[in-house]
Structures are given as structure tokens and as C-alpha cells.
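First the structure, in the form of C-alpha cells, and then the observations on it.
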2 protein chains.
Amino acid sequence: MNGAEAVVATLLTCGVEVCFANPGTSEMHLVAALDHQPAVRAVPCLFEGVATGAADGYGRMTGRPAATLLHLGPGLGNGLANLHNARRAATPLVNLVGDHATHHKPFDAPLESDIDALAGTVSGWVRRCTDARAAGMHAAAAVAAATAPPGQVATLILPADTSWSPAASPAPPLPSQAPTPVADDTVAAVAAALRSGEPAAILLGGPATRAPSLRAAARVAAATGARLLCETFLARLERGAGLPAVERLGYLPEGARAQLHGLRHLVLVGARSPVSFFAYPETPSLLAPRDCDVGSLAGPGEDVISALTHLAEMLPPAIAATAARARAEPPAGELTGETVAAAVGALLPEAAIVVDEANTSGLWLPAATGGAPPHDWLTLTGGAIGQGLPLAVGAAIACPDRPVVCLEADGSAMYTPQALWTMARECLDITVVVHANRSYSVLEMEYDRLVLPQDTEGHRRARRDLLDLSRPDLDFTELARGMGVPVFRSADAAEFTAQFAKALAEPGPHLIEAPVPPLFGPRRIS
Amino acid sequence: MNGAEAVVATLLTCGVEVCFANPGTSEMHLVAALDHQPAVRAVPCLFEGVATGAADGYGRMTGRPAATLLHLGPGLGNGLANLHNARRAATPLVNLVGDHATHHKPFDAPLESDIDALAGTVSGWVRRCTDARAAGMHAAAAVAAATAPPGQVATLILPADTSWSPAASPAPPLPSQAPTPVADDTVAAVAAALRSGEPAAILLGGPATRAPSLRAAARVAAATGARLLCETFLARLERGAGLPAVERLGYLPEGARAQLHGLRHLVLVGARSPVSFFAYPETPSLLAPRDCDVGSLAGPGEDVISALTHLAEMLPPAIAATAARARAEPPAGELTGETVAAAVGALLPEAAIVVDEANTSGLWLPAATGGAPPHDWLTLTGGAIGQGLPLAVGAAIACPDRPVVCLEADGSAMYTPQALWTMARECLDITVVVHANRSYSVLEMEYDRLVLPQDTEGHRRARRDLLDLSRPDLDFTELARGMGVPVFRSADAAEFTAQFAKALAEPGPHLIEAPVPPLFGPRRIS
């Protein structure tokens with residue numbers, strides 16, 4: 001048994017059953033080990049950002065880590081953006097990075113670079129294996145680190161010689177770590193604040209947006225009159241008919257500030273004190289009112305569900321409010337972000353996993369789907385666009401019996417379009433909707449917010465070529481066909497609705513190109 | 001004038017005329033400044049690896065830096081692989097990375113990450129601007145750093161507030177730095193070694209593979225009987241009829257070792273002592289024979305051309321041997337790597353810029369084009385695949401009057417396919433040939449070299465699914481059409497030749513999908 005075989009066998013023993021891979025020469029023994037261990041599903045990816053984003057999606061949906069397999073520093077570099085998103089999502093993820101053999105590193109061969117420094121920027125745990133005999137032990141430690149609450153990216157760097165040299169044997173799993181209990185005093189203090197009669201809200205984030213926590217939090221809200229809010233960008237929100245409805249904080253600081261206006265108590269549950277996504281001149285970063293007391297019931301690594309349950313028990317019994325079943329009307333007329341959202345709301349299947357990277361075009365999606373059958377909603381946790389298609393790959397592999405609906409923006413889709421090929425290769429049941437507005441519409445908005453107020457020379461009609469995705473128009477039907485995914489293009493809302501229904505009904509991946517006018521900036525549809 | 005305007009105006013004053021950009025909200029003032037300064041050509045890229053690879057291509061062809069414009073840590077992450085290649089190419093490049101406003105950074109907003117750590121892995125110079133009034137000065141320093149011999153990546157991090165706040169004025173250029181002169185003693189010692197009568201070779205790399213250095217080196221070779229070699233992966237090799245022919249070191253260590261066998265003197269000129277690209281068990285990393293004296297005439301930052309000229313003057317006069325004009329025969333029959341190479345050799349136009357990322361399929365290219373009219377040959381300097389298409393974008397913008405021929409492997413092309421859209425948007429005269437062998441063929445070879453010799457259980461017929469690019473086949477004609485690039489697909493060598501001629505004759509970009517059997521591994525063409 002060599003080091004690579006010990007790593008793969010250990011991962012399997014520790015519950016890692018999937019590896020999203022884009023290997024190179026220094027990973028050949030790991031490829032061989034995967035090839036001979038069919039119980040670990042090796043999923044080929046044509047680009048590392050697909051592998052890391054898919055591992056994020058898998059971890060969000062299962063709570064267990066998938067592994068990646070990346071090729072040295074440049075391979076890790078290509079995977080960094082989606083590892084950044086995974087870090088922000090607190091996803092358990094074992095990030096395997098091959099490296100030159102230990103004896104080869106001092107010679108600074110062309111692919112040599114500082115892998116450790118790169119890994120440190122996205123990982124909660126980084127270790128370099130220096131001895132094949134310890135490879136299994138390091139793999140077990142990586143899984144333990146990845147799954148330590150609330151979950152994190154654990155990077156294990158494997159020099160080629162630690163893969164090809166003889167190893168001892170696979171290592172057994174390390175004991176799994178439980179979330180930290182929350183002190184009774186903390187719960188009591190929160191209960192007192194919420195019963196003060198002053199305006200209060202509970203802000204849910206991280207692990208607190210899953211159904212059991214939502215139900216407990218909604219009971220607390222019903223008992224105290226506190227409002228129920230959640231962070232803007234969530235790793236996984238369970239929602240839909242029968243589940244508590246939670247108000248998401250807005251993306252723009254003025255919107256979020258209005259939502260928080262007047263609050264005297266803000267209780268954080270798995271969430272962080274809200275901050276503006278971007279900075280603007282003369283605008284404070286913190287969003288809560290100055291005289292609002294911001295306190296935490298439970299941080300992301302703490303036992304969120306026990307703390308919420310305990311809190312609910314300290315309060316008078318109350319019935320949690322839940323969203324009523326309500327289907328959006330199937331839309332007609334022009335295809336817009338709003339009519340796309342209505343069609344999604346009208347047809348979203350029970351237990352769907354929705355990956356939302358529709359950005360400005362997706363403005364109407366939450367409202368249109370709030371009463372749909374229960375589903376999961378996965379969002380862009382770290383702001384690094386190019387997450388949606390890979391996340392959908394991972395979610396589909398995690399949950400083969402559930403339909404995945406990936407709601408994409410055209411600009412974002414172009415960072416990781418290679419994910420479409422993996423969808424086809426693995427026959428994944430994913431319906432991709434590309435909102436094709438032919439622009440970086442969010443930047444059209446931000447340009448107007450940031451630049452025009454300072455512009456004393458009347459440049460309003462600047463060319464803004466850098467924000468324009470037309471000339472030529474991207475044709476997503478051609479792109480998807482080029483990677484083996486069946487396609488539709490919709491001319492109007494009724495046609496989109498029919499195509500969306502058809503894509504949902506058929507197994508395997510489909511892509512629908514939905515040309516929509518941009519929410520901000522000039523209309524460029526040709 | 002704000003900081004962004006000072007940066008753009010300073011870059012222009014310092015000779016930076018192109019910016020390859022994929023901006024976000026924190027770069028809106030830089031976008032506005034570019035928009036209002038048309039003398040700096042802002043080139044939109046849909047993915048950051050396209051921007052950084054294009055800046056590399058531009059810098060290689062002009063000797064002057066282009067700027068990039070990237071969005072925070074994830075944007076830099078996406079650009080790292082091609083910055084790694086640029087670092088290995090010693091390309092002058094000004095890498096602009098936006099960041100959150102200084103006052104916003106402590107709040108750890110979702111896009112916050114350690115940009116400085118990432119930048120350090122690929123940059124020879126990193127600076128963070130902390131005051132808009134110094135922004136112009138930092139931009140001038142970045143250009144000076146980028147162009148310090150032999151050239152390097154200089155990263156300037158610009159927090160949003162240093163872009164939007166008032167600046168003083170643009171800064172003037174800093175004095176440019178000359179290459180370090182080589183001591184007379186060093187030249188004399190090399191002359192003595194080469195005249196020793198013992199077997200000797202000159203190994204050219206870095207700045208020494210341009211025509212003036214090649215001619216001087218060839219005179220030295222003719223005067224002394226030394227062999228003329230060059231590194232395997234060169235930033236820019238001038239070659240073809242009338243130029244000295246140089247033997248490239250082989251990719252595999254056993255090949256390179258055979259080329260160097262028996263040498264007693266190896267003189268490095270702009271090159272590093274040759275090392276194996278990858279490590280293999282029981283194989284030393286250094287390639288020169290143990291008893292070979294490896295010495296340097298001039299390192300990459302030294303005055304290579306003066307040293308070579310001086311060396312030639314110390315030796316008896318001699319006529320440099322040059323490659324004879326010789327055209328490959330237009331091929332017929334099956335389309336293979338060999339017949340594609342013959343067609344390229346038969347038709348390559350004078351002054352073409354060839355970007356070579358054809359990998360295993362390109363084995364026959366150097367021989368088939370050695371007697372073609374003079375041209376430049378740009379290669380994968382850092383081993384991070386996904387360089388070819390972006391490099392072609394930059395070369396075409398650098399040299400609008402020269403045809404660019406981009407020879408791609410299918411696997412490599414899929415890392416940065418978004419470059420095709422920029423080719424169409426900017427109407428660049430690039431002919432892309434995708435060698436579609438439906439596999440990571442180089443890994444099929446490396447698997448056989450690395451894994452099989454250790455395999456005691458007879459796994460030869462392993463599935464190797466991770467090395468297989470079929471199921472479904474990638475259709476590059478669909479992919480390119482989806483990004484607005486006219487396409488061909490060739491059924492045989494004669495058709496390829498006709499299509500290649502047509503693509504060269506027409507302005508603007510074209511892509512030819514050339515299905516070829518893989519050099520290694522099973523044939524998977526469907």
C-alpha cells in the first residue's frame with residue numbers, strides 16, 4: 001500500500017465518498033488509488049473552480065465533506081474563488097493538493113510555487129504531508145478538521161513522493177467534535193432582552209437556517225414579538241410552505257439599515273453582526289442602529305439548535321408562524337426577471353434544491369417561491385461569482401433523488417461554464433436557467449451609486465464598455481450543447497414556463513437560456 | 001482628480017496603454033477613469049485568467065507592461081495561474097487589484113480575504129496603496145518594478161477609498177533600470193571554457209532567445225564548436241528561415257539527459273541550470289551530467305546581449321549557421337498531430353506569432369515549422385495549462401499587424417475558453433486550432449510511467465475515467481460559436497489545410513476543431 005492508497009482508504013473510512021478532481025502528473029498515484037477504489041466516486045472536472053464549488057455544494061447538502069483533488073499551486077489558484085465561498089459558508093471540505101516530490105522542491109521547477117501561502121487564505125486547517133507512512137493519519141486529521149463545528153476547509157498538501165512511497169495502513173477516523181454548548185446565563189440574558197418589550201429581532205445565519213433551528217426560532221419570535229431575520233447570503237436556507245418564513249437582510253446597506261431601523265435588541269444566532277457588503281463613501285460599515293444592543297445567543301461553532309430550543313423553553317409556549325402554501329400564477333407576456341421568477345414559483349418541485357446566483361435578475365425569486373413546496377435555497381456566501389453551476393453539480397451528487405434548479409446570471413455563469421460538462425458526464429438532474437441580460441447589471445447599478453454622485457464633469461453617458469456583455473452576445477444554448485447539455489431558449493414567459501416544466505420532468509441536465517432585460521443599465525438584447 | 005484617475009493617467013504617462021479588465025464594485029472608479037481615458041485601451045475579459053494571460057502575451061511581445069484590473073482576492077485567485085506563467089516568463093506586468101475601502105476591511109465583509117498573501121506568491125513586487133494622494137506615485141513605482149530587468153509581475157493593491165478620494169496629480173515615470181553588465185572576467189572564463197576543446201553547449205533562456213542574442217550565440221557556437229541549446233519552455237523564441245536554429249531541451253528528463261550526455265561545459269545564458277519538469281522515483285532532479293561544469297555567462301537580469309556580443313568578439317570570427325527556408329509539404333490523409341503540424345508548417349505566414357499549448361499533440365510542430373518564414377514562438381513557461389487562448393489575445397492586441405496562430409490542446413483550452421469571447425469582441429486576428437484528442441493524453445503517458453512500474457496487482461486496464469475527456473465529447477465549434485467566433489471542423493488533413501488557409505486569409509478570429517488521435521492512451525474519438 002502506498003501513501004495515495006492509504007489516503008483514499010482513510011477518506012473512505014472517515015465517510016468521504018466523493019472526490020471532485022482535476023489532477024496532474026504529481027497526482028497520478030492518487031488517480032490510480034481512486035481508480036481502484038470505486039466506493040469513492042471520482043468526479044472529473046475540467047477546471048478546478050468546478051471541483052471546489054462542487055465540493056462546497058456537496059458539503060452544504062450532506063454535512064459531510066467531499067474531497068477535491070487539485071494540481072499544485074496553479075490548480076489550487078484556479079480553485080480559490082470557490083474555496084473562498086466555501087470558507088464563508090463554513091462548509092466541511094477536504095481540499096487535497098498535490099505537490100512536487102519533497103526532494104524535487106528545492107530545484108524550483110516551473111510549476112513550483114508557495115502552495116502553503118495560497119492554502120492559508122481559504123483554509124481553517126493546512127497540513128503538508130512529509131512522510132508517506134503518516135499519509136493516512138493526516139487524511140483522518142483533515143476530515144476531523146473539516147467537520148469540526150461549524151465546518152471548514154481543511155487543506156492537505158501531498159507531495160508526490162508521499163503518494164508513491166510505501167505507507168503503513170489506512171488510519172481510523174478521529175473522534176468527531178460536537179458543537180460547543182451555550183451557557184445557561186447567555187440563554188437567560190437573551191430571554192430577558194427579548195421579553196423587555198423593546199423592539200427586537202433575531203438574526204439567523206450559518207447553521208441556524210436549517211428547519212429545526214428555524215422552527216425553534218419562530219417559536220421564540222411568536223412568544224416575544226421579536227422579528228425573525230436572516231443573513232443576506234446563506235449556505236443553506238430551508239424554506240417554503242409549512243416552514244417558518246424568514247426575512248432576508250437586503251444586499252444594499254440602505255435597505256438593510258431600513259430593515260434594522262428602530263431595533264433596540266439584535267440577537268445573533270449562528271450569524272455575525274451585519275456589515276455592508278461593499279463600502280461606500282461616507283457610509284458606516286456596521287448596519288445595526290447605534291443604540292441597538294447586538295448580542296449573540298450562539299456563534300457558528302456553538303450548539304445553535306440546543307440554545308434555541310432552550311431559549312424557547314424559557315418563554316411562554318407559542319405556535320411558530322409558517323409560510324402558507326401558495327403557488328405563483330404561471331406567467332404570460334414578456335420574459336423578465338419577474339416572469340421567470342413566477343414560472344419558477346409556479347413549478348418548483350417539492351424537495352428541490354435551488355442554487356441562486358441570479359444576482360440582479362433574481363430580485364423577484366424569494367417572493368415568488370416563498371409558498372412553494374419545501375425546498376433548500378443555496379446562495380453566494382462569499383461574493384465570488386462563478387459559484388452557481390459548480391454548486392449545483394455538488395448538490396446533485398449529494399442528493400441524487402432531489403431535483404436541482406440552478407438559477408444563474410449570464411455574467412456569473414461565464415466564470416465556471418465547464419461545470420456543464422460534468423453535469424452531462426455524470427447525468428445529473430439539474431435544470432439550469434441562465435438569466436441572459438447581456439450585462440454586468442449589478443455593476444451598472446454600483447457605477448451609478450458610486451461614480452455619478454462624484455462626477456462633476458457630466459460623464460453620465462460614459463461608454464461603460466467593461467460592463468457590457470453584448471457585442472457579441474453570448475449564446476448559452478451553443479455553449480451548453482458544446483458540453484453535451486440539452487438546451488432550450490425562451491422567447492416569452494409562456495414558452496419559458498413550458499420549457500422549465502419539460503426540463504424538470506426529464507432526467508439529466510438541461511439549460512434554458514432566458515433573455516431578460518437588465519434591472520439596471522441599458523437594454524442590450526439583440 | 002481622484003486616486004483612480006491619477007493611477008490611470010500615471011500608467012499612460014509611464015507607457016502602459018492597455019488594461020485587461022474584469023472589475024467589480026470596488027473598482028468602479030477605476031472603470032470610470034478608464035472609460036474617460038480612451039488612450040488606455042480597456043479590454044473586457046469574462047474571467048480573470050483571461051486578463052492575466054492576455055497581459056502576459058502583451059508583455060512578451062512588446063517588452064512593455066499591460067495592466068490588469070482584478071476584483072479583490074477571489075478575482076486575483078482566478079488570475080493566479082496565468083500570473084504564475086507570467087512570473088516564469090519574466091514578463092513585465094502591472095497587476096492592479098482592487099480591495100475594500102480601508103475603513104471597511106476590519107469588518108471582514110464576505111469578500112474580504114488576504115490579498116497580500118495571494119499576490120506575494122506570483123509577484124516580484126507587491127504594494128498596497130493606503131492614501132489616494134500617493135496613488136499616482138505607487139502606479140509609477142509599479143511600472144518601474146514591472147520593467148526592472150528581466151521583467152516581473154508588480155502587484156498594486158488599490159482599496160476603493162484610494163480610488164475615490166481626491167489625489168494630488170499623476171506621477172511622472174521613474175527612471176528605467178538597465179540590465180546589470182557582465183564582468184569581463186566572466187566573459188573571459190566562458191571563452192576559455194568554450195575553447196578548451198572539450199564537449200560544450202550553450203543553453204539559452206529568458207531574454208537570450210530573441211534574434212540579436214540568437215545571432216551572437218550562433219556566432220560563438222560556430223567559432224567554438226559548442227552546441228546551441230535552449231530551455232524547454234520559452235517566453236518568446238524567434239525562429240524560422242534565416243534565424244539560427246536552436247535545439248530545445250526535451251520535456252522528459254531522460255530525453256533532456258540524453259541531449260546533455262557527454263558535455264563537459266554547459267554555459268547558461270539567461271537560462272537556469274536545467275531541472276526535470278516533474279519528479280520521478282529514484283530519478284535525480286538535475287539534468288546536467290555530474291562531471292559537467294555548469295557556469296553562467298549572464299543571468300536573466302543581466303545584460304545578455306552585450307555579454308554574448310563581447311564573447312563573440314573574443315573568439316575567432318565565424319559565420320552563424322541559420323535555418324534554411326523549407327516549407328513542409330501540405331499534408332493529405334488522416335488528420336493527426338503530425339499532419340496538423342505539416343499544414344501549419346506549409347502555411348505559417350511571415351511574422352506570425354505562434355502560441356503553442358498543443359502539448360502532446362504538438363510533438364511535430366517544431367520540426368514542421370523550423371524552415372517557415374521568421375516567426376515568434378510563445379510557450380507555456382510555468383506549466384499552468386489554460387494559458388494559450390489568453391496569451392493569443394494579448395499577443396494580438398500587442399501586434400495588430402501580425403497574424404496570431406494559437407495551437408491548443410482540448411484539455412488546456414477548457415481552463416480559459418472565455419478568451420474566445422474577447423477575441424470576438426475585439427476583432428482580433430487569431431486562428432485557433434484545437435487539437436481534439438478527447439483526453440488528458442500527457443497524463444495517460446505519465447500514468448504509464450509513474451504508476452504501472454509500481455503496480456504489482458496488474459491494474460493496467462484501470463478505468464482512468466479522470467483522464468478521459470469524452471462522454472460527452474466537447475464540441476469546440478459549438479463553444480466558439482457561443483462566444484461569437486467563426487468555426488470550422490476538419491474531417492481530414494486536406495480539409496484542415498484548406499480551412500487553415502481560409503482562417504489565415506480572413507481577418508478576425510477563427511477556430512478550427514481538429515480531431516486527432518491521442519499520442520498516448522486509448523483512442524476515444526466518436
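The chains in the C-alpha cells are called A, B, ... from first to last as shown; in each chain the residues are counted from 1, and the ligands are counted from 1 in the order shown.
By only C-alpha atoms, and with residues fewer than 5 positions from segment 417-429 of chain B along its chain excluded, the set lying at most 8 Å from it is Met414, Tyr415, Arg471, Pro472 and Leu474 of chain A; Val43, Pro44, Cys45, Leu46, Phe47, Val50, Leu389, Pro390, Val393, Ala396, Ile397, Pro400, Arg402, Pro403, Val404, Ala480, Met483, Gly484, Val485, Pro507, Gly508 and Pro509 of chain B.
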DSSP-assigned strand (DSSP E or B) members of segment 3-135 of chain A, reported as a ChimeraX atom specification: /A:18-21,41-44,66-71,93-99,125-128
Distance in Å - atom CA of Leu203 of chain B versus atom CA of Ala216 of chain B: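 Those two atoms sit 13.1 Å apart.
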Contacts of segment 110-114 of chain B at 8 Å (only C-alpha atoms; same-chain gap of 4+ positions) as a list in words: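 Using only C-alpha atoms, the neighbours found are Arg88, Thr121, Val122, Phe277, Thr381, Gly382, Gly383 and Ala384 of chain A; Leu72, Gly73, Pro74, His100, Lys105 and Leu118 of chain B.
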Residue subset to file, keeping all heavy atoms, as a compact mmCIF listing (two decimals), in the first residue's frame:
# COMPACT_ATOMS: atom_id res chain seq x y z
N ARG A 88 -16.69 30.90 3.57
CA ARG A 88 -17.74 31.77 4.10
C ARG A 88 -19.00 30.97 4.44
O ARG A 88 -19.79 31.37 5.29
CB ARG A 88 -18.07 32.87 3.08
CG ARG A 88 -16.95 33.88 2.89
CD ARG A 88 -16.66 34.61 4.19
NE ARG A 88 -15.68 35.68 4.02
CZ ARG A 88 -15.21 36.42 5.03
NH1 ARG A 88 -15.61 36.19 6.27
NH2 ARG A 88 -14.32 37.36 4.81
N THR A 121 -5.02 31.14 2.85
CA THR A 121 -6.00 32.22 2.69
C THR A 121 -7.44 31.70 2.70
O THR A 121 -8.36 32.50 2.87
CB THR A 121 -5.78 33.00 1.38
OG1 THR A 121 -6.04 32.15 0.25
CG2 THR A 121 -4.36 33.53 1.28
N VAL A 122 -7.66 30.42 2.48
CA VAL A 122 -9.03 29.90 2.40
C VAL A 122 -9.31 28.76 3.37
O VAL A 122 -10.45 28.29 3.45
CB VAL A 122 -9.37 29.40 0.97
CG1 VAL A 122 -9.54 30.57 0.02
CG2 VAL A 122 -8.33 28.42 0.47
N PHE A 277 -22.03 44.92 2.47
CA PHE A 277 -21.29 44.02 1.58
C PHE A 277 -20.09 44.75 0.98
O PHE A 277 -18.98 44.24 0.95
CB PHE A 277 -22.22 43.52 0.47
CG PHE A 277 -21.70 42.30 -0.23
CD1 PHE A 277 -21.95 41.03 0.27
CD2 PHE A 277 -20.95 42.41 -1.38
CE1 PHE A 277 -21.45 39.90 -0.36
CE2 PHE A 277 -20.44 41.29 -2.03
CZ PHE A 277 -20.69 40.03 -1.51
N THR A 381 -22.29 32.71 -0.81
CA THR A 381 -21.89 33.12 0.54
C THR A 381 -20.71 34.08 0.58
O THR A 381 -20.63 34.91 1.47
CB THR A 381 -21.50 31.87 1.34
OG1 THR A 381 -20.68 31.04 0.50
CG2 THR A 381 -22.74 31.09 1.74
N GLY A 382 -19.79 33.95 -0.36
CA GLY A 382 -18.56 34.74 -0.28
C GLY A 382 -18.44 35.83 -1.32
O GLY A 382 -17.43 36.52 -1.39
N GLY A 383 -19.46 35.97 -2.16
CA GLY A 383 -19.43 37.03 -3.16
C GLY A 383 -18.54 36.76 -4.36
O GLY A 383 -18.43 37.61 -5.24
N ALA A 384 -17.89 35.60 -4.40
CA ALA A 384 -17.02 35.28 -5.53
C ALA A 384 -17.88 34.61 -6.61
O ALA A 384 -18.15 33.41 -6.53
CB ALA A 384 -15.87 34.39 -5.10
N LEU B 72 -10.64 42.14 -5.99
CA LEU B 72 -10.36 41.58 -4.66
C LEU B 72 -9.66 40.20 -4.72
O LEU B 72 -9.15 39.81 -5.77
CB LEU B 72 -11.66 41.49 -3.84
CG LEU B 72 -12.34 42.83 -3.57
CD1 LEU B 72 -13.76 42.82 -4.06
CD2 LEU B 72 -12.30 43.18 -2.11
N GLY B 73 -9.64 39.51 -3.59
CA GLY B 73 -8.92 38.24 -3.51
C GLY B 73 -9.42 37.18 -4.48
O GLY B 73 -8.62 36.55 -5.17
N PRO B 74 -10.75 36.94 -4.54
CA PRO B 74 -11.20 35.92 -5.48
C PRO B 74 -10.87 36.24 -6.95
O PRO B 74 -10.55 35.33 -7.72
CB PRO B 74 -12.72 35.89 -5.24
CG PRO B 74 -12.85 36.25 -3.78
CD PRO B 74 -11.80 37.32 -3.58
N HIS B 100 -11.47 46.24 -0.71
CA HIS B 100 -12.42 47.02 0.08
C HIS B 100 -11.77 48.33 0.54
O HIS B 100 -10.54 48.39 0.71
CB HIS B 100 -12.83 46.23 1.33
CG HIS B 100 -13.83 45.15 1.06
ND1 HIS B 100 -14.98 45.36 0.33
CD2 HIS B 100 -13.87 43.85 1.45
CE1 HIS B 100 -15.67 44.23 0.28
NE2 HIS B 100 -15.02 43.30 0.94
N LYS B 105 -12.25 47.25 5.82
CA LYS B 105 -11.55 45.95 5.91
C LYS B 105 -11.69 45.27 7.27
O LYS B 105 -11.87 44.05 7.34
CB LYS B 105 -10.06 46.09 5.54
CG LYS B 105 -9.85 46.24 4.04
CD LYS B 105 -8.39 46.22 3.63
CE LYS B 105 -7.77 44.86 3.76
NZ LYS B 105 -8.33 43.85 2.83
N LEU B 118 -1.85 36.25 -1.30
CA LEU B 118 -2.02 35.69 -2.65
C LEU B 118 -1.05 36.36 -3.62
O LEU B 118 -0.38 35.70 -4.41
CB LEU B 118 -3.45 35.93 -3.15
CG LEU B 118 -4.58 35.21 -2.42
CD1 LEU B 118 -5.91 35.59 -3.05
CD2 LEU B 118 -4.39 33.70 -2.49
Top pick for closest residue to chain B, considering A:Phe500, A:Tyr280, A:Trp377, A:Phe520 and counting only C-alpha atoms: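 Checking each candidate against chain B, we get A:Tyr280 as the closest.
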Residue with smallest distance to Cys129 of chain A - pool A:Leu260, A:Ala51, A:Ala514, A:Ala167, counting only C-alpha atoms: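 Checking each candidate against Cys129 of chain A, we get A:Ala167 as the closest.
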Residues near segment 191-193 of chain A, cut-off 7 Å, only C-alpha atoms, skip fewer than 3 positions along chain, as a PyMOL selection string: chain A and resi 187-188+196+265+311
All helix (DSSP H, G or I) positions in segment 34-160 of chain B, as a count of residues only: 61
List the spatial neighbours of Leu234 of chain A as a PDB file with N, CA, C and O atoms, in the first residue's frame - criterion: any atom at most 7 Å away, only C-alpha atoms, same-chain residues fewer than 2 positions off excluded.
ATOM      1  N   GLY A 205     -28.176  32.836  10.985  1.00  0.00           N
ATOM      2  CA  GLY A 205     -27.160  32.628   9.941  1.00  0.00           C
ATOM      3  C   GLY A 205     -26.502  31.286  10.155  1.00  0.00           C
ATOM      4  O   GLY A 205     -26.827  30.549  11.099  1.00  0.00           O
ATOM      5  N   GLY A 206     -25.568  30.937   9.286  1.00  0.00           N
ATOM      6  CA  GLY A 206     -24.798  29.700   9.422  1.00  0.00           C
ATOM      7  C   GLY A 206     -25.695  28.503   9.651  1.00  0.00           C
ATOM      8  O   GLY A 206     -26.657  28.273   8.898  1.00  0.00           O
ATOM      9  N   GLU A 231     -29.398  36.314   7.560  1.00  0.00           N
ATOM     10  CA  GLU A 231     -28.324  36.973   6.815  1.00  0.00           C
ATOM     11  C   GLU A 231     -28.666  36.997   5.318  1.00  0.00           C
ATOM     12  O   GLU A 231     -29.463  36.208   4.823  1.00  0.00           O
ATOM     13  N   THR A 232     -27.998  37.874   4.599  1.00  0.00           N
ATOM     14  CA  THR A 232     -28.277  38.039   3.170  1.00  0.00           C
ATOM     15  C   THR A 232     -27.864  36.799   2.381  1.00  0.00           C
ATOM     16  O   THR A 232     -28.610  36.323   1.525  1.00  0.00           O
ATOM     17  N   ARG A 236     -27.325  27.532   3.334  1.00  0.00           N
ATOM     18  CA  ARG A 236     -28.457  26.632   3.041  1.00  0.00           C
ATOM     19  C   ARG A 236     -29.632  27.057   3.890  1.00  0.00           C
ATOM     20  O   ARG A 236     -29.620  26.889   5.106  1.00  0.00           O
ATOM     21  N   LEU A 237     -30.628  27.595   3.242  1.00  0.00           N
ATOM     22  CA  LEU A 237     -31.851  28.011   3.916  1.00  0.00           C
ATOM     23  C   LEU A 237     -32.963  27.036   3.545  1.00  0.00           C
ATOM     24  O   LEU A 237     -33.240  26.829   2.362  1.00  0.00           O
ATOM     25  N   LEU A 378     -29.695  27.733  -1.760  1.00  0.00           N
ATOM     26  CA  LEU A 378     -28.240  27.871  -1.564  1.00  0.00           C
ATOM     27  C   LEU A 378     -27.769  29.157  -2.234  1.00  0.00           C
ATOM     28  O   LEU A 378     -28.084  29.384  -3.417  1.00  0.00           O
ATOM     29  N   THR A 379     -27.022  29.974  -1.523  1.00  0.00           N
ATOM     30  CA  THR A 379     -26.650  31.274  -2.094  1.00  0.00           C
ATOM     31  C   THR A 379     -25.136  31.488  -2.119  1.00  0.00           C
ATOM     32  O   THR A 379     -24.361  30.688  -1.591  1.00  0.00           O
ATOM     33  N   THR A 381     -22.292  32.712  -0.808  1.00  0.00           N
ATOM     34  CA  THR A 381     -21.885  33.117   0.543  1.00  0.00           C
ATOM     35  C   THR A 381     -20.706  34.080   0.581  1.00  0.00           C
ATOM     36  O   THR A 381     -20.627  34.913   1.470  1.00  0.00           O
TER      37      THR A 381
END
Among the residues B:Glu238, B:Glu495, B:Asp184, B:Asp448, the one that comes closest to chain A [using only C-alpha atoms]: B:Asp448
Polymer residues at most 9 Å from His71 of chain A, only C-alpha atoms, same-chain spacing of 2 or more positions, as a ChimeraX atom specification: /A:22-27,48,69,73-76,96-99
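From atom CA of Ala32 of chain B back to atom CA of Leu519 of chain A, the distance works out to 20.3 Å.
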Polymer residues at most 9 Å from segment 294-310 of chain A, only C-alpha atoms, same-chain spacing of 3 or more positions, as a PyMOL selection string: chain A and resi 90+148-151+178-184+186-187+189-190+205-208+212-214+216-217+220+264-273+288+313-314
Between atom CA of Asp468 of chain B and atom CA of Gln454 of chain B - distance in Å to one decimal: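 Taking atom CA of Gln454 of chain B as the start and atom CA of Asp468 of chain B as the end point, the length is 22.2 Å.
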